[in-house]
Amino acid sequence: MGTVTALAFPDEDPKRANKSTRGRRNVNGEGNIRERSDGRWEGRAYVITTDGREIRKSVYGKSWDDVHTKLTKLQADTMSGKRVASTSQTVGEYMAYWLEEHARHRVRDTTFASYEWLIRMYLTPLFRKRKLTGLRPSDIRRGFFQLKQVCQCCAQGKDQAREDRAELLRAKRAGKAPRKNARKIEGARCCAKTPKECCRSVVSDGTVRYLHRLLRALLQDAVSEDEVLSENVAKKLRMDHKYRPKFVAWTPAEAQQFLSAVRDQPLYALYAVALSMGLRRGEALGLRWSDVDLDNGLIRVRHGLHRVKGELQLGPVKTDGSARVIPLPAPLLKVLRAHRRAQDADREEAGRSWKEGDYVFTTSLGTPFEPRNINRHFDKLCASSGVRRIRFHDLRHSCASLLWSQGVPLEQIQDILGHEDPRTTKTIYVDVAEDLQRGAVDKLGFLFEQEPE
């Protein structure tokens, strides 16, 4: 700590000042400045790391003034209690640690699987080799910009993997008679074709937004929980993409047209429940008859069906507020009773092949539906019924908007959808219809009653 200082006033020649101040002892923690053999200037001062150690840190610059400014700031930060990062981990190493030590014990299995996939597919390839302490907002911005410019199908070899699987299947079926109703073996579609046809499968704004939130949460744990970083650089990043896409729910006419068109479909009850009760896809597919009280007209939303690590699993609902009891309207009770009779007929026809799971919505063998298959089936029904295509999840949005258009208070819509915060209901799910807006502003028409024709 008692080193010889090399301080000089900014308006003096640094070398002359060094000579004039030689022999003067430096105050503890004040640091010192010297000219290096390569022509750069270096300043050093004692700082406190995030793990409580006192170390000497260097700052560099092209001139004495430049280094003096940096050194003064470093010492001021130290006096104010700011700590410097102490880890030598790379971002990739910390991400692997964070998944196991933080995320696995904090979120649902489905959310953890989503985190693990996003980190493995996107964040790790972008940042894995960077030092955790050296990550800057500009690095994150460039990485996310790259995701929106580079075709991920080409970058990750998705189409080549598709072609490899097709080749194995072709070899397995070689020399065999084609099976009845066998589908054509499809392989390369774009990147692996000759000549190559890039499909431009870039990352969407929604995925970039999700990646930003994930990285921000991850780095915040590095700051507050593990104390290996002094600041969260992802918080400083301002993204230029839209924060949230606009959802356009079905109008009452579109909802009626769809339900009328699919009335004779085996899964009519599923879409009726999803649209009128606002259930999430996993909540609807995870609904069991033990959750349905046909006598009192109630359903209890307690579970969700999701595919996790290649297996369909019945797990808890999304949040504590998502567990709820919803009364059933009389028409929907009739729909569910008819659906149960049809399911009993399927059970009797399947005999021993029936897989009993007590699920309300099942295949002809009693097994639960694959969630992605429901998405595809819904898309086909939208096309065949002639209504505007929306996502299956937008049935939930449509439920909220339809309830709102019928004058249902926001607090009751919140209870039906299972939101803990009414702002979530209002911001995301309630799409106020144009006719309601027009009716509201028309009330100001009295202002213009004296206007001439």
# chains A, B, ... in the order shown; residues from 1 in each chain; ligands from 1
>>> residues_around(residues="segment 107-119 of chain A", least_positions_apart="6", cutoff="10 Å", atoms="only C-alpha atoms", output="VMD selection string")
chain A and resid 92 95 to 96 99 to 100 125 to 128 207 210 to 211 214 to 215 305 to 309 313 315 to 319
>>> write_last_selection(atoms="C-alpha atoms", output="short mmCIF file (atom, residue, chain, number, x, y, z; two decimals), in the first residue's frame")
data_model
loop_
_atom_site.label_atom_id
_atom_site.label_comp_id
_atom_site.auth_asym_id
_atom_site.auth_seq_id
_atom_site.Cartn_x
_atom_site.Cartn_y
_atom_site.Cartn_z
CA GLY A 92 -21.77 -20.19 -21.29
CA MET A 95 -25.74 -20.21 -18.03
CA ALA A 96 -25.25 -23.94 -17.38
CA LEU A 99 -30.12 -23.53 -15.09
CA GLU A 100 -29.25 -26.16 -12.50
CA PRO A 125 -24.06 -20.03 -29.48
CA LEU A 126 -24.08 -16.23 -29.26
CA PHE A 127 -22.31 -15.59 -25.94
CA ARG A 128 -20.78 -18.82 -24.59
CA THR A 207 -38.59 -14.79 -29.40
CA TYR A 210 -38.34 -13.61 -24.57
CA LEU A 211 -34.55 -14.06 -24.91
CA LEU A 214 -34.43 -14.54 -19.92
CA LEU A 215 -30.94 -13.06 -20.16
CA LEU A 305 -51.20 -31.20 -19.89
CA HIS A 306 -47.85 -30.43 -21.52
CA ARG A 307 -45.10 -32.24 -23.38
CA VAL A 308 -41.91 -32.11 -21.32
CA LYS A 309 -38.70 -33.84 -22.45
CA GLN A 313 -47.11 -34.85 -18.39
CA GLY A 315 -48.67 -30.92 -14.07
CA PRO A 316 -49.81 -27.90 -12.07
CA VAL A 317 -51.40 -24.86 -13.69
CA LYS A 318 -49.34 -21.86 -14.69
CA THR A 319 -49.66 -19.82 -11.47
#
>>> atom_distance(atom1="atom CA of Lys129 of chain A", atom2="atom CA of Ala161 of chain A")
25.6 Å
>>> closest_atom_pairs(of="segment 264-303 of chain A", to="segment 353-374 of chain A", cutoff="8 Å", atoms="only C-alpha atoms", output="Markdown table")
| residue | atom | partner | partner_atom | distance |
| --- | --- | --- | --- | --- |
| A:Leu267 | CA | A:Phe361 | CA | 7.6 |
| A:Leu270 | CA | A:Phe361 | CA | 6.8 |
| A:Arg281 | CA | A:Pro371 | CA | 7.3 |
| A:Gly282 | CA | A:Pro371 | CA | 7.3 |
| A:Leu285 | CA | A:Phe361 | CA | 6.2 |
| A:Gly286 | CA | A:Tyr359 | CA | 6.8 |
| A:Leu287 | CA | A:Val360 | CA | 5.8 |
| A:Arg288 | CA | A:Tyr359 | CA | 4.2 |
| A:Trp289 | CA | A:Val360 | CA | 5.5 |
| A:Ser290 | CA | A:Asp358 | CA | 7.3 |
>>> residues_around(residues="Gln412 of chain A", least_positions_apart="3", cutoff="12 Å", atoms="only C-alpha atoms", output="number ranges by chain")
A: 326-327, 400, 403-404, 407-409, 415-420, 422, 425-426
>>> write_last_selection(atoms="C-alpha atoms", output="PDB file, in the first residue's frame")
ATOM      1  CA  ILE A 326     -65.693 -21.636 -13.086  1.00  0.00           C
ATOM      2  CA  PRO A 327     -69.480 -22.025 -13.396  1.00  0.00           C
ATOM      3  CA  ALA A 400     -62.177 -12.169 -22.667  1.00  0.00           C
ATOM      4  CA  LEU A 403     -67.273 -11.191 -22.143  1.00  0.00           C
ATOM      5  CA  TRP A 404     -66.212  -7.547 -22.136  1.00  0.00           C
ATOM      6  CA  GLY A 407     -70.786  -5.877 -20.296  1.00  0.00           C
ATOM      7  CA  VAL A 408     -69.038  -8.276 -17.886  1.00  0.00           C
ATOM      8  CA  PRO A 409     -66.872  -6.292 -15.399  1.00  0.00           C
ATOM      9  CA  ASP A 415     -61.455 -14.425 -12.146  1.00  0.00           C
ATOM     10  CA  ILE A 416     -62.622 -16.489 -15.117  1.00  0.00           C
ATOM     11  CA  LEU A 417     -59.244 -16.326 -16.848  1.00  0.00           C
ATOM     12  CA  GLY A 418     -57.296 -16.866 -13.616  1.00  0.00           C
ATOM     13  CA  HIS A 419     -55.151 -13.729 -13.634  1.00  0.00           C
ATOM     14  CA  GLU A 420     -53.596 -12.467 -10.419  1.00  0.00           C
ATOM     15  CA  PRO A 422     -56.276  -7.193 -13.468  1.00  0.00           C
ATOM     16  CA  THR A 425     -56.382  -8.939 -18.282  1.00  0.00           C
ATOM     17  CA  LYS A 426     -56.839  -5.414 -19.542  1.00  0.00           C
TER      18      LYS A 426
END
>>> residues_around(residues="Asp66 of chain A", least_positions_apart="5", cutoff="10 Å", atoms="only C-alpha atoms", output="count of residues only")
8
>>> atom_distance(atom1="atom CA of Leu294 of chain A", atom2="atom CA of Ser322 of chain A")
21.1 Å
>>> residues_around(residues="Arg56 of chain A", least_positions_apart="4", cutoff="7 Å", atoms="only C-alpha atoms", output="list in words")
Arg44, Ala45, Tyr46 and Val47 of chain A
>>> atom_distance(atom1="atom CA of Gly206 of chain A", atom2="atom CA of Thr133 of chain A")
27.5 Å
>>> select_by_dssp(residues="segment 152-397 of chain A", states="helix (DSSP H, G or I)", output="ChimeraX atom specification")
/A:152-155,158-173,205-224,233-236,252-261,268-277,281-285,289-291,320-322,330-353,371-385,394-397
>>> residues_around(residues="segment 222-239 of chain A", least_positions_apart="4", cutoff="10 Å", atoms="only C-alpha atoms", output="JSON, numbers by chain")
{"A": [49, 50, 51, 52, 82, 83, 84, 85, 86, 87, 88, 89, 94, 95, 98, 102, 132, 133, 134, 135, 136, 137, 138, 139, 140, 141, 144, 145, 205, 208, 209, 212, 213, 214, 215, 216, 217, 218, 243]}
>>> residues_around(residues="Arg280 of chain A", least_positions_apart="4", cutoff="8 Å", atoms="only C-alpha atoms", output="PDB file with N, CA and C atoms, in the first residue's frame")
ATOM      1  N   ALA A 274     -63.000 -24.165 -24.625  1.00  0.00           N
ATOM      2  CA  ALA A 274     -61.876 -23.227 -24.713  1.00  0.00           C
ATOM      3  C   ALA A 274     -62.365 -21.813 -25.009  1.00  0.00           C
ATOM      4  N   ALA A 284     -57.202 -27.090 -20.937  1.00  0.00           N
ATOM      5  CA  ALA A 284     -58.324 -27.789 -21.574  1.00  0.00           C
ATOM      6  C   ALA A 284     -57.999 -29.258 -21.797  1.00  0.00           C
ATOM      7  N   HIS A 393     -54.584 -20.376 -28.795  1.00  0.00           N
ATOM      8  CA  HIS A 393     -54.534 -19.575 -27.573  1.00  0.00           C
ATOM      9  C   HIS A 393     -55.380 -18.318 -27.692  1.00  0.00           C
ATOM     10  N   ARG A 396     -58.734 -17.918 -26.026  1.00  0.00           N
ATOM     11  CA  ARG A 396     -58.729 -17.335 -24.674  1.00  0.00           C
ATOM     12  C   ARG A 396     -58.884 -15.820 -24.764  1.00  0.00           C
TER      13      ARG A 396
END
>>> closest_residue(among="A:Arg341, A:Arg347, A:Lys172, A:His377", to="Ile185 of chain A", atoms="only C-alpha atoms")
A:Lys172
>>> select_by_dssp(residues="segment 57-156 of chain A", states="strand (DSSP E or B)", output="MDAnalysis selection string")
chainID A and resid 57:61 84 90 131
>>> closest_residue(among="A:Met79, A:Gln160, A:Arg36, A:Cys199", to="Ser63 of chain A", atoms="only C-alpha atoms")
A:Arg36
